[in-house]
$ cat coords.pdb   # PDB, C-alpha atoms, pLDDT in the B column
ATOM      1  CA  MET B   1      74.937  48.398  85.861  1.00 33.00           C
ATOM      2  CA  SER B   2      77.246  45.393  85.916  1.00 33.00           C
ATOM      3  CA  ALA B   3      76.146  41.816  86.405  1.00 35.00           C
ATOM      4  CA  ILE B   4      77.565  38.832  88.272  1.00 39.00           C
ATOM      5  CA  SER B   5      77.259  35.278  87.069  1.00 36.00           C
ATOM      6  CA  THR B   6      74.538  33.314  88.807  1.00 36.00           C
ATOM      7  CA  PRO B   7      75.464  30.054  90.565  1.00 37.00           C
ATOM      8  CA  ALA B   8      74.491  26.865  88.795  1.00 35.00           C
ATOM      9  CA  PRO B   9      71.036  25.580  89.811  1.00 35.00           C
ATOM     10  CA  GLU B  10      72.522  22.583  91.611  1.00 37.00           C
ATOM     11  CA  ASP B  11      74.533  24.980  93.785  1.00 47.00           C
ATOM     12  CA  GLY B  12      71.449  26.940  94.852  1.00 66.00           C
ATOM     13  CA  ARG B  13      72.082  30.621  95.454  1.00 87.00           C
ATOM     14  CA  ARG B  14      75.401  30.214  97.208  1.00 93.00           C
ATOM     15  CA  VAL B  15      78.187  32.377  95.784  1.00 95.00           C
ATOM     16  CA  ASP B  16      81.913  31.681  95.951  1.00 95.00           C
ATOM     17  CA  LEU B  17      83.541  34.924  97.051  1.00 97.00           C
ATOM     18  CA  GLY B  18      87.148  34.207  97.926  1.00 96.00           C
ATOM     19  CA  GLY B  19      86.184  31.272 100.130  1.00 95.00           C
ATOM     20  CA  LEU B  20      83.959  33.281 102.504  1.00 96.00           C
ATOM     21  CA  TYR B  21      81.196  31.477 104.337  1.00 96.00           C
ATOM     22  CA  ASN B  22      77.489  32.241 104.040  1.00 97.00           C
ATOM     23  CA  VAL B  23      77.496  34.301 100.843  1.00 98.00           C
ATOM     24  CA  ARG B  24      74.441  34.070  98.617  1.00 97.00           C
ATOM     25  CA  ASP B  25      72.492  35.823  95.914  1.00 98.00           C
ATOM     26  CA  LEU B  26      69.054  37.070  96.956  1.00 98.00           C
ATOM     27  CA  GLY B  27      67.837  36.784  93.382  1.00 97.00           C
ATOM     28  CA  GLY B  28      65.522  34.141  92.004  1.00 96.00           C
ATOM     29  CA  PHE B  29      62.583  34.434  94.390  1.00 97.00           C
ATOM     30  CA  VAL B  30      59.135  35.187  93.003  1.00 97.00           C
ATOM     31  CA  GLY B  31      58.135  38.697  94.013  1.00 97.00           C
ATOM     32  CA  ALA B  32      55.411  41.246  93.320  1.00 96.00           C
ATOM     33  CA  ASP B  33      53.117  40.569  90.340  1.00 95.00           C
ATOM     34  CA  GLY B  34      54.851  37.230  89.775  1.00 96.00           C
ATOM     35  CA  ARG B  35      58.104  38.931  88.767  1.00 97.00           C
ATOM     36  CA  ARG B  36      61.306  37.304  89.969  1.00 97.00           C
ATOM     37  CA  VAL B  37      63.983  39.076  91.954  1.00 98.00           C
ATOM     38  CA  ARG B  38      66.901  39.744  89.621  1.00 98.00           C
ATOM     39  CA  THR B  39      70.022  37.649  90.110  1.00 97.00           C
ATOM     40  CA  GLY B  40      73.490  39.165  90.257  1.00 97.00           C
ATOM     41  CA  MET B  41      72.242  42.315  91.962  1.00 98.00           C
ATOM     42  CA  LEU B  42      71.808  41.898  95.713  1.00 98.00           C
ATOM     43  CA  PHE B  43      73.940  39.705  97.952  1.00 98.00           C
ATOM     44  CA  ARG B  44      74.174  38.857 101.648  1.00 98.00           C
ATOM     45  CA  SER B  45      77.371  37.711 103.320  1.00 98.00           C
ATOM     46  CA  SER B  46      79.335  37.039 106.454  1.00 97.00           C
ATOM     47  CA  SER B  47      81.932  39.659 107.307  1.00 96.00           C
ATOM     48  CA  LEU B  48      84.052  40.858 104.401  1.00 98.00           C
ATOM     49  CA  HIS B  49      87.015  41.562 106.710  1.00 95.00           C
ATOM     50  CA  ARG B  50      87.975  37.910 106.189  1.00 94.00           C
ATOM     51  CA  LEU B  51      88.381  38.365 102.446  1.00 97.00           C
ATOM     52  CA  THR B  52      92.023  38.243 101.341  1.00 97.00           C
ATOM     53  CA  ASP B  53      91.548  37.630  97.624  1.00 97.00           C
ATOM     54  CA  GLU B  54      91.576  41.055  95.966  1.00 98.00           C
ATOM     55  CA  GLN B  55      91.084  39.575  92.509  1.00 98.00           C
ATOM     56  CA  ALA B  56      87.933  37.752  93.667  1.00 98.00           C
ATOM     57  CA  TRP B  57      86.627  41.045  95.051  1.00 98.00           C
ATOM     58  CA  GLN B  58      87.312  42.928  91.841  1.00 97.00           C
ATOM     59  CA  GLU B  59      85.569  40.219  89.816  1.00 97.00           C
ATOM     60  CA  PHE B  60      82.626  40.324  92.228  1.00 97.00           C
ATOM     61  CA  GLY B  61      82.292  43.990  91.292  1.00 97.00           C
ATOM     62  CA  ALA B  62      80.174  45.288  94.185  1.00 98.00           C
ATOM     63  CA  ARG B  63      79.443  49.001  93.920  1.00 97.00           C
ATOM     64  CA  CYS B  64      77.586  49.314  97.227  1.00 98.00           C
ATOM     65  CA  VAL B  65      78.957  47.690 100.405  1.00 98.00           C
ATOM     66  CA  VAL B  66      76.839  47.907 103.558  1.00 98.00           C
ATOM     67  CA  ASP B  67      78.490  47.026 106.872  1.00 98.00           C
ATOM     68  CA  LEU B  68      75.897  46.228 109.550  1.00 98.00           C
ATOM     69  CA  ARG B  69      78.427  45.567 112.333  1.00 96.00           C
ATOM     70  CA  TYR B  70      78.986  47.402 115.597  1.00 92.00           C
ATOM     71  CA  ASP B  71      81.755  50.003 115.854  1.00 92.00           C
ATOM     72  CA  ARG B  72      83.703  47.673 118.132  1.00 90.00           C
ATOM     73  CA  GLU B  73      83.585  44.927 115.500  1.00 91.00           C
ATOM     74  CA  ARG B  74      84.794  47.267 112.773  1.00 94.00           C
ATOM     75  CA  ASP B  75      87.649  48.424 115.009  1.00 92.00           C
ATOM     76  CA  ALA B  76      88.672  44.856 115.871  1.00 88.00           C
ATOM     77  CA  PHE B  77      88.207  43.486 112.357  1.00 91.00           C
ATOM     78  CA  PRO B  78      88.709  46.272 109.760  1.00 95.00           C
ATOM     79  CA  LEU B  79      87.925  45.709 106.117  1.00 97.00           C
ATOM     80  CA  PRO B  80      90.842  45.100 103.742  1.00 98.00           C
ATOM     81  CA  ASP B  81      92.193  48.176 101.988  1.00 97.00           C
ATOM     82  CA  PHE B  82      90.825  47.069  98.614  1.00 98.00           C
ATOM     83  CA  ILE B  83      87.237  47.371  99.868  1.00 98.00           C
ATOM     84  CA  VAL B  84      86.527  51.086  99.676  1.00 93.00           C
ATOM     85  CA  HIS B  85      83.555  53.421 100.104  1.00 91.00           C
ATOM     86  CA  ASP B  86      81.611  51.112 102.406  1.00 96.00           C
ATOM     87  CA  THR B  87      78.525  52.384 104.208  1.00 97.00           C
ATOM     88  CA  HIS B  88      78.457  51.741 107.956  1.00 98.00           C
ATOM     89  CA  ALA B  89      74.835  51.251 108.969  1.00 98.00           C
ATOM     90  CA  PRO B  90      74.715  49.223 112.220  1.00 97.00           C
ATOM     91  CA  MET B  91      71.487  47.369 112.913  1.00 97.00           C
ATOM     92  CA  LEU B  92      72.152  47.666 116.655  1.00 95.00           C
ATOM     93  CA  PRO B  93      74.057  50.386 118.556  1.00 93.00           C
ATOM     94  CA  ASP B  94      77.496  49.710 119.950  1.00 89.00           C
ATOM     95  CA  HIS B  95      76.252  49.750 123.527  1.00 87.00           C
ATOM     96  CA  TRP B  96      73.580  47.102 122.914  1.00 85.00           C
ATOM     97  CA  ARG B  97      73.942  43.880 124.874  1.00 80.00           C
ATOM     98  CA  SER B  98      71.790  40.774 124.721  1.00 72.00           C
ATOM     99  CA  ASP B  99      69.602  39.663 127.617  1.00 71.00           C
ATOM    100  CA  GLU B 100      71.603  36.863 129.244  1.00 71.00           C
ATOM    101  CA  GLU B 101      68.567  35.374 130.972  1.00 71.00           C
ATOM    102  CA  ALA B 102      66.566  35.294 127.748  1.00 66.00           C
ATOM    103  CA  LYS B 103      69.544  33.710 126.006  1.00 70.00           C
ATOM    104  CA  ARG B 104      69.126  30.638 128.216  1.00 75.00           C
ATOM    105  CA  GLY B 105      65.572  30.123 126.952  1.00 78.00           C
ATOM    106  CA  PRO B 106      64.356  28.673 123.634  1.00 91.00           C
ATOM    107  CA  ALA B 107      66.548  29.816 120.757  1.00 91.00           C
ATOM    108  CA  ASP B 108      63.657  30.954 118.566  1.00 93.00           C
ATOM    109  CA  GLU B 109      62.227  33.161 121.332  1.00 95.00           C
ATOM    110  CA  PHE B 110      65.581  34.761 122.093  1.00 93.00           C
ATOM    111  CA  LEU B 111      66.481  35.385 118.461  1.00 95.00           C
ATOM    112  CA  SER B 112      63.095  36.869 117.609  1.00 97.00           C
ATOM    113  CA  SER B 113      63.469  39.270 120.554  1.00 95.00           C
ATOM    114  CA  VAL B 114      66.851  40.366 119.197  1.00 95.00           C
ATOM    115  CA  PHE B 115      65.279  40.905 115.790  1.00 97.00           C
ATOM    116  CA  ARG B 116      62.658  43.142 117.403  1.00 97.00           C
ATOM    117  CA  ASP B 117      65.448  45.171 118.997  1.00 96.00           C
ATOM    118  CA  MET B 118      66.936  45.675 115.554  1.00 97.00           C
ATOM    119  CA  LEU B 119      63.729  47.220 114.277  1.00 98.00           C
ATOM    120  CA  GLU B 120      63.393  49.464 117.309  1.00 97.00           C
ATOM    121  CA  LEU B 121      67.034  50.575 117.431  1.00 97.00           C
ATOM    122  CA  GLY B 122      68.133  50.279 113.802  1.00 97.00           C
ATOM    123  CA  GLY B 123      65.540  52.440 112.063  1.00 98.00           C
ATOM    124  CA  THR B 124      68.001  55.149 111.065  1.00 98.00           C
ATOM    125  CA  SER B 125      70.268  52.565 109.467  1.00 98.00           C
ATOM    126  CA  VAL B 126      67.391  50.857 107.656  1.00 98.00           C
ATOM    127  CA  ARG B 127      66.265  54.215 106.273  1.00 98.00           C
ATOM    128  CA  GLU B 128      69.783  55.028 105.055  1.00 98.00           C
ATOM    129  CA  ILE B 129      70.203  51.615 103.439  1.00 98.00           C
ATOM    130  CA  LEU B 130      66.888  51.715 101.603  1.00 98.00           C
ATOM    131  CA  HIS B 131      67.593  55.166 100.209  1.00 98.00           C
ATOM    132  CA  GLU B 132      71.027  54.028  99.042  1.00 98.00           C
ATOM    133  CA  LEU B 133      69.676  50.870  97.406  1.00 98.00           C
ATOM    134  CA  ALA B 134      66.992  52.875  95.592  1.00 98.00           C
ATOM    135  CA  SER B 135      69.725  54.225  93.273  1.00 98.00           C
ATOM    136  CA  PRO B 136      70.772  52.307  90.144  1.00 97.00           C
ATOM    137  CA  ASP B 137      74.370  53.247  90.942  1.00 97.00           C
ATOM    138  CA  ALA B 138      74.264  50.932  93.972  1.00 98.00           C
ATOM    139  CA  TYR B 139      74.360  47.649  92.074  1.00 98.00           C
ATOM    140  CA  PRO B 140      75.660  45.051  92.471  1.00 98.00           C
ATOM    141  CA  ALA B 141      75.275  45.504  96.236  1.00 98.00           C
ATOM    142  CA  VAL B 142      76.294  43.385  99.219  1.00 98.00           C
ATOM    143  CA  PHE B 143      75.447  43.705 102.908  1.00 98.00           C
ATOM    144  CA  PHE B 144      76.962  41.823 105.820  1.00 98.00           C
ATOM    145  CA  CYS B 145      77.463  41.500 109.568  1.00 96.00           C
ATOM    146  CA  MET B 146      79.847  39.139 111.376  1.00 93.00           C
ATOM    147  CA  ALA B 147      78.200  35.802 110.571  1.00 93.00           C
ATOM    148  CA  GLY B 148      75.727  36.996 107.958  1.00 96.00           C
ATOM    149  CA  LYS B 149      72.813  35.463 109.859  1.00 96.00           C
ATOM    150  CA  ASP B 150      70.876  37.719 112.241  1.00 96.00           C
ATOM    151  CA  ARG B 151      71.470  41.384 111.397  1.00 97.00           C
ATOM    152  CA  THR B 152      71.937  40.432 107.777  1.00 98.00           C
ATOM    153  CA  GLY B 153      68.885  38.167 108.040  1.00 98.00           C
ATOM    154  CA  VAL B 154      66.612  40.929 109.292  1.00 98.00           C
ATOM    155  CA  LEU B 155      67.702  43.308 106.530  1.00 98.00           C
ATOM    156  CA  ALA B 156      67.239  40.536 103.958  1.00 98.00           C
ATOM    157  CA  ALA B 157      63.724  39.937 105.307  1.00 98.00           C
ATOM    158  CA  ILE B 158      62.908  43.642 104.970  1.00 98.00           C
ATOM    159  CA  LEU B 159      64.210  43.871 101.420  1.00 98.00           C
ATOM    160  CA  LEU B 160      62.652  40.642 100.176  1.00 98.00           C
ATOM    161  CA  THR B 161      59.297  41.539 101.712  1.00 98.00           C
ATOM    162  CA  LEU B 162      59.338  44.969 100.030  1.00 98.00           C
ATOM    163  CA  LEU B 163      59.940  43.138  96.763  1.00 98.00           C
ATOM    164  CA  GLY B 164      56.826  41.041  97.346  1.00 98.00           C
ATOM    165  CA  VAL B 165      58.607  37.772  98.203  1.00 98.00           C
ATOM    166  CA  SER B 166      56.429  35.403 100.231  1.00 97.00           C
ATOM    167  CA  GLU B 167      56.888  34.904 103.959  1.00 97.00           C
ATOM    168  CA  SER B 168      57.701  31.229 103.397  1.00 97.00           C
ATOM    169  CA  ASP B 169      60.551  32.161 101.060  1.00 97.00           C
ATOM    170  CA  VAL B 170      61.839  34.804 103.492  1.00 98.00           C
ATOM    171  CA  VAL B 171      61.906  32.169 106.234  1.00 97.00           C
ATOM    172  CA  ALA B 172      63.573  29.645 103.932  1.00 96.00           C
ATOM    173  CA  ASP B 173      66.300  32.126 103.045  1.00 97.00           C
ATOM    174  CA  PHE B 174      66.988  32.809 106.719  1.00 97.00           C
ATOM    175  CA  ALA B 175      67.204  29.086 107.520  1.00 96.00           C
ATOM    176  CA  LEU B 176      69.952  28.560 104.924  1.00 96.00           C
ATOM    177  CA  SER B 177      72.441  30.346 107.197  1.00 96.00           C
ATOM    178  CA  GLY B 178      72.348  27.768 110.005  1.00 93.00           C
ATOM    179  CA  ASP B 179      74.832  25.165 108.769  1.00 93.00           C
ATOM    180  CA  GLU B 180      77.024  27.865 107.230  1.00 94.00           C
ATOM    181  CA  VAL B 181      77.405  29.731 110.523  1.00 92.00           C
ATOM    182  CA  VAL B 182      78.159  26.592 112.540  1.00 90.00           C
ATOM    183  CA  ALA B 183      80.869  25.692 110.022  1.00 91.00           C
ATOM    184  CA  LEU B 184      82.197  29.257 110.073  1.00 90.00           C
ATOM    185  CA  VAL B 185      82.525  29.306 113.858  1.00 87.00           C
ATOM    186  CA  GLU B 186      84.370  25.995 113.878  1.00 85.00           C
ATOM    187  CA  PHE B 187      86.748  27.415 111.295  1.00 85.00           C
ATOM    188  CA  LEU B 188      87.322  30.584 113.319  1.00 83.00           C
ATOM    189  CA  ARG B 189      87.786  29.176 116.808  1.00 76.00           C
ATOM    190  CA  THR B 190      91.570  29.198 116.521  1.00 71.00           C
ATOM    191  CA  ARG B 191      91.788  32.170 114.161  1.00 71.00           C
ATOM    192  CA  GLU B 192      89.860  35.097 115.668  1.00 62.00           C
ATOM    193  CA  ASP B 193      90.317  36.169 119.264  1.00 60.00           C
ATOM    194  CA  PHE B 194      87.924  38.869 120.356  1.00 54.00           C
ATOM    195  CA  GLU B 195      86.681  39.285 123.915  1.00 48.00           C
ATOM    196  CA  ASP B 196      83.174  40.288 122.912  1.00 52.00           C
ATOM    197  CA  HIS B 197      82.959  38.260 119.729  1.00 59.00           C
ATOM    198  CA  PRO B 198      79.261  37.900 118.845  1.00 58.00           C
ATOM    199  CA  MET B 199      79.607  34.274 117.745  1.00 62.00           C
ATOM    200  CA  MET B 200      82.319  32.537 119.764  1.00 64.00           C
ATOM    201  CA  ASN B 201      80.446  32.593 123.057  1.00 67.00           C
ATOM    202  CA  GLN B 202      77.091  31.313 121.837  1.00 76.00           C
ATOM    203  CA  PRO B 203      75.632  27.809 122.150  1.00 77.00           C
ATOM    204  CA  VAL B 204      75.123  25.947 118.880  1.00 81.00           C
ATOM    205  CA  ALA B 205      71.343  26.470 119.079  1.00 81.00           C
ATOM    206  CA  LEU B 206      71.880  30.232 118.758  1.00 82.00           C
ATOM    207  CA  LEU B 207      74.399  29.855 115.962  1.00 84.00           C
ATOM    208  CA  ARG B 208      71.807  28.120 113.855  1.00 89.00           C
ATOM    209  CA  ALA B 209      68.971  29.853 112.025  1.00 93.00           C
ATOM    210  CA  PRO B 210      65.773  28.193 113.252  1.00 94.00           C
ATOM    211  CA  ARG B 211      62.825  28.805 110.982  1.00 97.00           C
ATOM    212  CA  ALA B 212      60.646  29.389 114.054  1.00 96.00           C
ATOM    213  CA  ALA B 213      62.711  32.447 115.012  1.00 97.00           C
ATOM    214  CA  MET B 214      61.971  34.258 111.763  1.00 98.00           C
ATOM    215  CA  GLU B 215      58.357  33.034 111.740  1.00 98.00           C
ATOM    216  CA  ARG B 216      57.814  34.350 115.276  1.00 98.00           C
ATOM    217  CA  PHE B 217      59.456  37.653 114.396  1.00 98.00           C
ATOM    218  CA  LEU B 218      57.350  38.161 111.270  1.00 98.00           C
ATOM    219  CA  ALA B 219      54.169  37.331 113.188  1.00 98.00           C
ATOM    220  CA  GLU B 220      55.059  39.924 115.830  1.00 98.00           C
ATOM    221  CA  VAL B 221      55.805  42.521 113.153  1.00 98.00           C
ATOM    222  CA  ASP B 222      52.410  41.811 111.592  1.00 98.00           C
ATOM    223  CA  VAL B 223      50.711  42.586 114.908  1.00 98.00           C
ATOM    224  CA  ARG B 224      52.713  45.706 115.664  1.00 98.00           C
ATOM    225  CA  TYR B 225      53.196  47.281 112.233  1.00 98.00           C
ATOM    226  CA  GLY B 226      50.927  45.388 109.879  1.00 98.00           C
ATOM    227  CA  GLY B 227      54.001  43.673 108.412  1.00 98.00           C
ATOM    228  CA  LEU B 228      57.481  44.793 107.408  1.00 98.00           C
ATOM    229  CA  PRO B 229      56.152  47.216 104.761  1.00 98.00           C
ATOM    230  CA  GLY B 230      54.239  48.901 107.587  1.00 98.00           C
ATOM    231  CA  TYR B 231      57.440  49.119 109.601  1.00 98.00           C
ATOM    232  CA  VAL B 232      59.184  50.722 106.642  1.00 98.00           C
ATOM    233  CA  ARG B 233      56.377  53.266 106.308  1.00 98.00           C
ATOM    234  CA  SER B 234      56.822  54.098 110.008  1.00 98.00           C
ATOM    235  CA  LEU B 235      60.372  55.201 109.115  1.00 98.00           C
ATOM    236  CA  ASP B 236      58.948  57.800 106.707  1.00 97.00           C
ATOM    237  CA  ILE B 237      60.152  55.846 103.692  1.00 97.00           C
ATOM    238  CA  ASP B 238      57.901  56.970 100.866  1.00 96.00           C
ATOM    239  CA  ASP B 239      56.293  54.786  98.215  1.00 96.00           C
ATOM    240  CA  GLU B 240      58.582  56.277  95.572  1.00 98.00           C
ATOM    241  CA  THR B 241      61.627  54.721  97.281  1.00 98.00           C
ATOM    242  CA  VAL B 242      59.962  51.325  97.522  1.00 98.00           C
ATOM    243  CA  HIS B 243      58.843  51.498  93.893  1.00 98.00           C
ATOM    244  CA  ALA B 244      62.411  52.392  92.869  1.00 98.00           C
ATOM    245  CA  LEU B 245      63.700  49.298  94.687  1.00 98.00           C
ATOM    246  CA  GLN B 246      61.133  47.147  92.940  1.00 98.00           C
ATOM    247  CA  ALA B 247      61.944  48.616  89.538  1.00 98.00           C
ATOM    248  CA  LEU B 248      65.635  47.921  90.021  1.00 98.00           C
ATOM    249  CA  LEU B 249      65.415  44.497  91.624  1.00 98.00           C
ATOM    250  CA  LEU B 250      62.436  42.822  89.958  1.00 98.00           C
ATOM    251  CA  GLU B 251      62.546  41.467  86.431  1.00 97.00           C
ATOM    252  CA  GLU B 252      60.277  43.122  83.923  1.00 90.00           C
ATOM    253  CA  SER B 253      56.919  41.431  83.455  1.00 76.00           C
TER     254      SER B 253
END

$ encode --input "coords.pdb" --output "structure tokens"
Amino acid sequence: MSAISTPAPEDGRRVDLGGLYNVRDLGGFVGADGRRVRTGMLFRSSSLHRLTDEQAWQEFGARCVVDLRYDRERDAFPLPDFIVHDTHAPMLPDHWRSDEEAKRGPADEFLSSVFRDMLELGGTSVREILHELASPDAYPAVFFCMAGKDRTGVLAAILLTLLGVSESDVVADFALSGDEVVALVEFLRTREDFEDHPMMNQPVALLRAPRAAMERFLAEVDVRYGGLPGYVRSLDIDDETVHALQALLLEES
């Protein structure tokens, strides 16, 4: 199992991967039994199709690559040839469209409703991802969508919660994406032309990552499933898989 150098403390958990936006290490949080999530193991990112630096990718050394994007996004923005053996596990189906009326309401309410859709429609993908990440051969691992905020944020919330990370830390991790995504969209406005681009046609409020959106979502999941671990159990994910994730991703006590 290879390792990746951890960013310096003053840089937080942000990782420099060939200049991509919104890449960070999910390690460092306090998890179950006071054990910390291992660094250099699990990463979240914006879309890897923008990566042009093959050497940076080889040094990154990811062994498991999970693409959460729609089919139409993968077709429009394919991964570079040097990224091989990726797993396509979309959090929403290709035919999914957002509710335009709801989009005009408060950003946290709209985003939390989209997150709920991901749980309802993305269960098969979540199950596949968790089984894949329960293998020691999967690490280091990285997962991504277009901006690395919403679909990536929901999967990060699921994984961190299974590792025993507190709700406040899950929310804090989500909120880190806001400034990164706004900067990414400004960078891309003259570089990516896609009719149904999931970022270009959104107001700034929806590009950001309001803490209230993740807080509202987690509260709703608590009511419906008894929390994200309850949701995972509803997917017929057994305790052995969750324990394997914890053994791999939490430091020894």

$ resolve_selection --input "coords.pdb" --expression "the PyMOL selection byres ((chain B and resi 131) around 12)" --output "ChimeraX atom specification"
/B:64,87,124-130,132-138,159,232,235-245

$ resolve_selection --input "coords.pdb" --expression "the PyMOL selection byres ((chain B and resi 118) around 12)" --output "PDB file with C-alpha atoms, in the frame of the given file"
ATOM      1  CA  LEU B  68      75.897  46.228 109.550  1.00 98.00           C
ATOM      2  CA  ARG B  69      78.427  45.567 112.333  1.00 96.00           C
ATOM      3  CA  ALA B  89      74.835  51.251 108.969  1.00 98.00           C
ATOM      4  CA  PRO B  90      74.715  49.223 112.220  1.00 97.00           C
ATOM      5  CA  MET B  91      71.487  47.369 112.913  1.00 97.00           C
ATOM      6  CA  LEU B  92      72.152  47.666 116.655  1.00 95.00           C
ATOM      7  CA  PRO B  93      74.057  50.386 118.556  1.00 93.00           C
ATOM      8  CA  TRP B  96      73.580  47.102 122.914  1.00 85.00           C
ATOM      9  CA  ARG B  97      73.942  43.880 124.874  1.00 80.00           C
ATOM     10  CA  SER B  98      71.790  40.774 124.721  1.00 72.00           C
ATOM     11  CA  LEU B 111      66.481  35.385 118.461  1.00 95.00           C
ATOM     12  CA  SER B 112      63.095  36.869 117.609  1.00 97.00           C
ATOM     13  CA  SER B 113      63.469  39.270 120.554  1.00 95.00           C
ATOM     14  CA  VAL B 114      66.851  40.366 119.197  1.00 95.00           C
ATOM     15  CA  PHE B 115      65.279  40.905 115.790  1.00 97.00           C
ATOM     16  CA  ARG B 116      62.658  43.142 117.403  1.00 97.00           C
ATOM     17  CA  ASP B 117      65.448  45.171 118.997  1.00 96.00           C
ATOM     18  CA  LEU B 119      63.729  47.220 114.277  1.00 98.00           C
ATOM     19  CA  GLU B 120      63.393  49.464 117.309  1.00 97.00           C
ATOM     20  CA  LEU B 121      67.034  50.575 117.431  1.00 97.00           C
ATOM     21  CA  GLY B 122      68.133  50.279 113.802  1.00 97.00           C
ATOM     22  CA  GLY B 123      65.540  52.440 112.063  1.00 98.00           C
ATOM     23  CA  THR B 124      68.001  55.149 111.065  1.00 98.00           C
ATOM     24  CA  SER B 125      70.268  52.565 109.467  1.00 98.00           C
ATOM     25  CA  VAL B 126      67.391  50.857 107.656  1.00 98.00           C
ATOM     26  CA  ASP B 150      70.876  37.719 112.241  1.00 96.00           C
ATOM     27  CA  ARG B 151      71.470  41.384 111.397  1.00 97.00           C
ATOM     28  CA  THR B 152      71.937  40.432 107.777  1.00 98.00           C
ATOM     29  CA  GLY B 153      68.885  38.167 108.040  1.00 98.00           C
ATOM     30  CA  VAL B 154      66.612  40.929 109.292  1.00 98.00           C
ATOM     31  CA  LEU B 155      67.702  43.308 106.530  1.00 98.00           C
ATOM     32  CA  ILE B 158      62.908  43.642 104.970  1.00 98.00           C
ATOM     33  CA  PHE B 217      59.456  37.653 114.396  1.00 98.00           C
ATOM     34  CA  VAL B 221      55.805  42.521 113.153  1.00 98.00           C
ATOM     35  CA  TYR B 231      57.440  49.119 109.601  1.00 98.00           C
TER      36      TYR B 231
END

$ atom_distance --input "coords.pdb" --atom1 "CA of Arg24 in chain B" --atom2 "CA of Ser45 in chain B"
6.6 Å

$ residues_around --input "coords.pdb" --residues "range 32-37 of chain B" --least-positions-apart "3" --cutoff "7 Å" --atoms "all atoms listed in the file" --output "count of residues only"
11

$ residues_around --input "coords.pdb" --residues "Ser46 in chain B" --least-positions-apart "5" --cutoff "7 Å" --atoms "all atoms listed in the file" --output "PyMOL selection string"
chain B and resi 21-23+144-148

$ residues_around --input "coords.pdb" --residues "Val170 in chain B" --least-positions-apart "4" --cutoff "9 Å" --atoms "all atoms listed in the file" --output "mmCIF file with C-alpha atoms, in the coordinates of the input"
data_model
loop_
_atom_site.group_PDB
_atom_site.id
_atom_site.type_symbol
_atom_site.label_atom_id
_atom_site.label_comp_id
_atom_site.auth_asym_id
_atom_site.auth_seq_id
_atom_site.Cartn_x
_atom_site.Cartn_y
_atom_site.Cartn_z
ATOM 1 C CA ALA B 156 67.239 40.536 103.958
ATOM 2 C CA ALA B 157 63.724 39.937 105.307
ATOM 3 C CA LEU B 160 62.652 40.642 100.176
ATOM 4 C CA THR B 161 59.297 41.539 101.712
ATOM 5 C CA VAL B 165 58.607 37.772 98.203
ATOM 6 C CA SER B 166 56.429 35.403 100.231
ATOM 7 C CA PHE B 174 66.988 32.809 106.719
ATOM 8 C CA ALA B 175 67.204 29.086 107.520
ATOM 9 C CA MET B 214 61.971 34.258 111.763
#
